[in-house]
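Student: Just dropping this structure here.
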Protein chains: 2
Amino acid sequence: MTEPTKGERTKKKLVDATASLLRRQGYHATGLSDIVEESGAPRGSLYFYFPDGKDELACAALAASGVEWRARIGAAVADARDLGAALDAVVTLLADDLEASGWQNGCPVAAVALESTSRRVHDAVAAHYAAWQSTVSERIAAFGVPKPVATQLATVALAAIEGALLLAKVHKSREPLVTVGAALRAMVATLPKPRKR
Amino acid sequence: MTEPTKGERTKKKLVDATASLLRRQGYHATGLSDIVEESGAPRGSLYFYFPDGKDELACAALAASGVEWRARIGAAVADARDLGAALDAVVTLLADDLEASGWQNGCPVAAVALESTSRRVHDAVAAHYAAWQSTVSERIAAFGVPKPVATQLATVALAAIEGALLLAKVHKSREPLVTVGAALRAMVATLPKPRKR
């Protein structure tokens with residue numbers, strides 16, 4: 001792997017700062033000046049690397065969040081011996097991350113999803129959730145759950161965890177995530193036992 | 001009941017316009033000019049009735065949304081013969097409302113909840129969700145579900161429906177709400193049968 005160039009490092013700083021601000025406070029509350037300040041990158045670099053401005057940065061930040069969280073969740077569930085344990089690991093990871101941020105860091109996408117944004121940002125949000133739906137569904141199916149059940153379960157898990165993250169952030173409490181995690185585990189425990197892989 | 005005064009009608013117009021804009025696009029995207037325009041009220045009346053400006057209006061709008069949706073959901077579940085039917089009625093009501101708005105109208109509180117706002121608005125959001133948690137929990141308990149189970153189920157239902165509303169809005173589809181509704185019904189079907197009231 002080659003070292004990233006100075007330009008790549010600057011770009012990454014800008015994208016990471018944007019992602020961090022979007023999940024803390026949403027799209028409209030995040031100004032270009034905030035992004036420059038949070039990133040520590042020179043203001044000119046923002047216009048140089050992202051000539052389309054905030055929308056382009058927001059889409060890059062959503063994509064980067066997707067890559068980061070796919071890796072973090074993948075690592076968290078790697079050792080899970082069954083679907084219940086995997087759900088547990090995901091809920092614990094999210095609760096730890098939210099609590100460690102002083103209840104600031106919500107879902108990197110949800111805030112943007114609920115605000116009025118450009119078509120370009122909306123499409124990036126929709127693509128992001130569609131990709132998570134596929135990933136979660138495939139992960140569930142890998143535990144021996146039949147495809148159609150896995151698809152529905154992925155929707156329920158995504159929705160319930162997304163809503164629990166919102167409630168946990170609002171109430172500054174792990175409790176909604178813990179309760180939803182337990183309900184999801186109880187739900188998967190009612191599934192027929194999968195055949196051994 | 002006495003007729004509302006002209007002042008009360010103007011106030012209501014401003015609050016309704018704010019509520020409608022908050023659920024379509026969130027807090028920061030909604031400017032005072034948008035509220036004046038959407039309401040049709042004279043600009044001066046906004047400063048006269050809401051001297052503290054947008055935060056005061058937002059808190060009034062959250063309270064008004066709470067009253068409105070408590071009534072609408074109450075009416076929707078009034079005839080439900082069991083908890084499953086009640087959940088069905090709520091999910092159908094929310095899906096109908098979102099679809100009728102061209103997938104614009106999300107939860108009146110969620111967008112504001114995920115943005116950075118003042119302490120005052122945050123507290124109003126937290127109080128709003130706490131009130132819904134109590135209402136839903138009491139409604140579930142009224143179907144004969146033991147209190148501690150009802151409390152947990154209320155958290156799961158709130159979180160899952162909130163997340164499904166977000167996904168439904170993003171994907172412009174009833175599907176996430178329908179799937180989550182079915183999962184919640186399946187979940188309550190596993191509860192021990194309540195004694196007859």
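Ligands are numbered from 1 in the order shown, chains are lettered A, B, ... in the order of the structure tokens, and residues start at 1 in each chain.
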Using only C-alpha atoms, which residues sit within 9 Å of Ala126 of chain A once same-chain residues fewer than 6 positions away are excluded, as a ChimeraX atom specification?

Tutor: /A:113 /B:167,170-171

Student: Applying 8 Å and only C-alpha atoms, which residues near Cys59 of chain B remain after dropping the ones on its own chain fewer than 2 positions away? List them as a PyMOL selection string.

Tutor: chain B and resi 55-57+61-63+120-121+124

Student: Give me the residues within 12 Å of Glu115 of chain A as a tab-separated table (two decimals) with C-alpha atoms, in the first residue's frame, counting only C-alpha atoms and dropping any in the same chain fewer than 6 places off.

Tutor:
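Below is the file out-v6.tsv, written as the result:
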chain	number	residue	atom	x	y	z
A	22	LEU	CA	-23.32	15.66	10.03
A	25	GLN	CA	-25.89	18.12	14.20
A	26	GLY	CA	-27.26	17.41	10.74
A	27	TYR	CA	-26.94	18.97	7.31
A	28	HIS	CA	-28.24	22.50	7.55
A	29	ALA	CA	-26.57	23.28	10.88
A	109	VAL	CA	-27.08	9.33	7.87
A	121	VAL	CA	-27.84	14.20	-1.28
A	122	HIS	CA	-31.22	12.47	-1.03
A	125	VAL	CA	-28.92	8.74	1.50
B	21	LEU	CA	-42.32	22.70	7.86
B	22	LEU	CA	-40.43	20.94	10.69
B	23	ARG	CA	-41.73	17.53	9.70
B	24	ARG	CA	-41.06	18.11	6.00
B	25	GLN	CA	-37.56	19.51	6.23
B	26	GLY	CA	-36.30	19.85	9.80
B	27	TYR	CA	-35.31	22.72	12.06
B	28	HIS	CA	-32.40	24.50	10.41
B	29	ALA	CA	-33.85	24.41	6.91
B	30	THR	CA	-36.95	26.22	8.21
B	104	GLN	CA	-42.63	14.49	2.50
B	105	ASN	CA	-44.19	14.34	5.98
B	106	GLY	CA	-42.07	12.35	8.37
B	107	CYS	CA	-42.35	12.22	12.12
B	108	PRO	CA	-43.02	15.76	13.38
B	109	VAL	CA	-40.26	15.40	15.98
B	110	ALA	CA	-37.54	13.14	14.57
B	111	ALA	CA	-35.92	15.65	12.22
B	112	VAL	CA	-35.64	18.22	15.00
B	113	ALA	CA	-34.38	15.55	17.40
B	114	LEU	CA	-31.33	14.78	15.25
B	115	GLU	CA	-30.25	18.33	14.52
B	166	LEU	CA	-37.46	7.34	8.28
B	169	LYS	CA	-39.63	8.54	3.69
B	170	VAL	CA	-36.15	7.93	2.24

Student: Which residues are near segment 177-185 of chain A? Cut-off 6 Å, only C-alpha atoms, ignore same chain within fewer than 4 positions. Put them as a PDB file with C-alpha atoms, in the first residue's frame.

Tutor:
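So selection-v9.pdb came out as:
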ATOM      1  CA  GLY A  84     -28.494 -13.263  18.540  1.00  0.00           C
ATOM      2  CA  ALA A 164     -33.424   3.308  19.114  1.00  0.00           C
TER       3      ALA A 164
ATOM      4  CA  VAL B 156     -39.537  -1.258  20.869  1.00  0.00           C
TER       5      VAL B 156
END

Student: What does the structure give for the distance between atom CA of Gly53 of chain A and atom CA of Leu32 of chain A, in Å to one decimal?

Tutor: 8.0 Å

Student: Please measure the separation of atom CA of Lys6 of chain B and atom CA of Ala19 of chain B, giving the value in Å to one decimal.

Tutor: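 Distance between the two atoms: 20.0 Å.
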
Student: List the spatial neighbours of Thr135 of chain A as a list in words - criterion: any atom at most 9 Å away, only C-alpha atoms, same-chain residues fewer than 5 positions off excluded.

Tutor: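 Answer for this query is Arg70, Ala130, Ile140 and Ala154 of chain A.
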
Student: Figure out the distance between atom CA of Ala131 of chain A and atom CA of Val145 of chain A, please, to one decimal in Å.

Tutor: 19.2 Å

Student: If you run DSSP over the backbone, which residues in segment 33-80 of chain A end up alpha helix (DSSP H)? Put them as number ranges by chain.

Tutor: A: 33-39, 43-49, 54-77

Student: For the selection just defined, write its residues with N, CA and C atoms to a file, as a short mmCIF file (atom, residue, chain, number, x, y, z; two decimals), in the first residue's frame.

Tutor:
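Result file again_24.cif:
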data_model
loop_
_atom_site.label_atom_id
_atom_site.label_comp_id
_atom_site.auth_asym_id
_atom_site.auth_seq_id
_atom_site.Cartn_x
_atom_site.Cartn_y
_atom_site.Cartn_z
N SER A 33 -17.75 26.81 6.91
CA SER A 33 -16.75 27.32 7.87
C SER A 33 -16.52 26.32 9.00
N ASP A 34 -17.63 25.69 9.47
CA ASP A 34 -17.49 24.67 10.51
C ASP A 34 -16.61 23.53 10.02
N ILE A 35 -16.83 23.14 8.77
CA ILE A 35 -16.07 22.02 8.21
C ILE A 35 -14.59 22.37 8.13
N VAL A 36 -14.30 23.58 7.65
CA VAL A 36 -12.91 24.03 7.56
C VAL A 36 -12.28 24.04 8.95
N GLU A 37 -13.00 24.59 9.92
CA GLU A 37 -12.46 24.68 11.28
C GLU A 37 -12.23 23.30 11.88
N GLU A 38 -13.25 22.43 11.78
CA GLU A 38 -13.15 21.08 12.36
C GLU A 38 -12.02 20.27 11.71
N SER A 39 -11.82 20.49 10.41
CA SER A 39 -10.83 19.67 9.68
C SER A 39 -9.40 20.16 9.89
N ARG A 43 -8.85 26.65 3.97
CA ARG A 43 -10.16 26.88 3.32
C ARG A 43 -10.10 26.66 1.81
N GLY A 44 -8.98 27.10 1.21
CA GLY A 44 -8.87 26.97 -0.25
C GLY A 44 -8.96 25.52 -0.71
N SER A 45 -8.47 24.61 0.15
CA SER A 45 -8.46 23.20 -0.25
C SER A 45 -9.88 22.65 -0.39
N LEU A 46 -10.80 23.20 0.40
CA LEU A 46 -12.19 22.75 0.30
C LEU A 46 -12.73 23.01 -1.11
N TYR A 47 -12.52 24.24 -1.60
CA TYR A 47 -13.03 24.57 -2.93
C TYR A 47 -12.24 23.85 -4.02
N PHE A 48 -10.97 23.56 -3.72
CA PHE A 48 -10.15 22.89 -4.72
C PHE A 48 -10.58 21.43 -4.89
N TYR A 49 -10.77 20.74 -3.75
CA TYR A 49 -11.10 19.31 -3.84
C TYR A 49 -12.60 19.04 -4.00
N LYS A 54 -20.86 21.92 -0.46
CA LYS A 54 -21.35 21.12 0.65
C LYS A 54 -22.01 19.82 0.21
N ASP A 55 -22.79 19.86 -0.89
CA ASP A 55 -23.46 18.64 -1.34
C ASP A 55 -22.45 17.57 -1.71
N GLU A 56 -21.40 17.99 -2.40
CA GLU A 56 -20.38 17.03 -2.82
C GLU A 56 -19.67 16.45 -1.59
N LEU A 57 -19.36 17.33 -0.65
CA LEU A 57 -18.72 16.89 0.60
C LEU A 57 -19.64 15.96 1.39
N ALA A 58 -20.93 16.31 1.44
CA ALA A 58 -21.87 15.48 2.20
C ALA A 58 -21.96 14.09 1.60
N CYS A 59 -22.01 14.00 0.28
CA CYS A 59 -22.08 12.68 -0.37
C CYS A 59 -20.80 11.89 -0.09
N ALA A 60 -19.66 12.56 -0.15
CA ALA A 60 -18.39 11.88 0.16
C ALA A 60 -18.37 11.42 1.61
N ALA A 61 -18.93 12.24 2.50
CA ALA A 61 -18.95 11.89 3.93
C ALA A 61 -19.86 10.69 4.17
N LEU A 62 -21.01 10.65 3.48
CA LEU A 62 -21.92 9.50 3.63
C LEU A 62 -21.22 8.23 3.16
N ALA A 63 -20.53 8.32 2.04
CA ALA A 63 -19.83 7.15 1.51
C ALA A 63 -18.74 6.70 2.48
N ALA A 64 -17.99 7.67 3.03
CA ALA A 64 -16.91 7.33 3.97
C ALA A 64 -17.47 6.70 5.24
N SER A 65 -18.60 7.23 5.74
CA SER A 65 -19.24 6.65 6.92
C SER A 65 -19.64 5.21 6.65
N GLY A 66 -20.15 4.97 5.45
CA GLY A 66 -20.54 3.61 5.07
C GLY A 66 -19.36 2.66 5.15
N VAL A 67 -18.23 3.08 4.59
CA VAL A 67 -17.02 2.24 4.60
C VAL A 67 -16.56 2.01 6.04
N GLU A 68 -16.51 3.08 6.83
CA GLU A 68 -16.03 2.97 8.21
C GLU A 68 -16.91 2.02 9.04
N TRP A 69 -18.24 2.22 8.95
CA TRP A 69 -19.13 1.44 9.80
C TRP A 69 -19.27 0.00 9.34
N ARG A 70 -19.12 -0.21 8.03
CA ARG A 70 -19.11 -1.58 7.52
C ARG A 70 -17.93 -2.34 8.15
N ALA A 71 -16.78 -1.68 8.22
CA ALA A 71 -15.60 -2.31 8.81
C ALA A 71 -15.79 -2.53 10.32
N ARG A 72 -16.30 -1.51 11.02
CA ARG A 72 -16.45 -1.63 12.46
C ARG A 72 -17.48 -2.70 12.83
N ILE A 73 -18.61 -2.71 12.10
CA ILE A 73 -19.64 -3.70 12.40
C ILE A 73 -19.16 -5.09 11.99
N GLY A 74 -18.47 -5.16 10.85
CA GLY A 74 -17.91 -6.44 10.41
C GLY A 74 -16.98 -7.03 11.47
N ALA A 75 -16.13 -6.18 12.04
CA ALA A 75 -15.20 -6.65 13.08
C ALA A 75 -15.96 -7.07 14.34
N ALA A 76 -17.02 -6.31 14.67
CA ALA A 76 -17.77 -6.60 15.90
C ALA A 76 -18.50 -7.93 15.83
N VAL A 77 -18.98 -8.29 14.64
CA VAL A 77 -19.78 -9.52 14.53
C VAL A 77 -18.94 -10.72 14.07
#

Student: Using only C-alpha atoms, find the one residue out of B:Leu98, B:Val188, B:Leu158, B:Ala89 that sits nearest to chain A.

Tutor: B:Leu158

Student: Looking at A:Ala150, A:Leu87, A:Leu191, A:Ala160, which one is nearest to chain B, with distances taken over only C-alpha atoms?

Tutor: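 With only C-alpha atoms as the atom set, the closest residue is A:Ala160.
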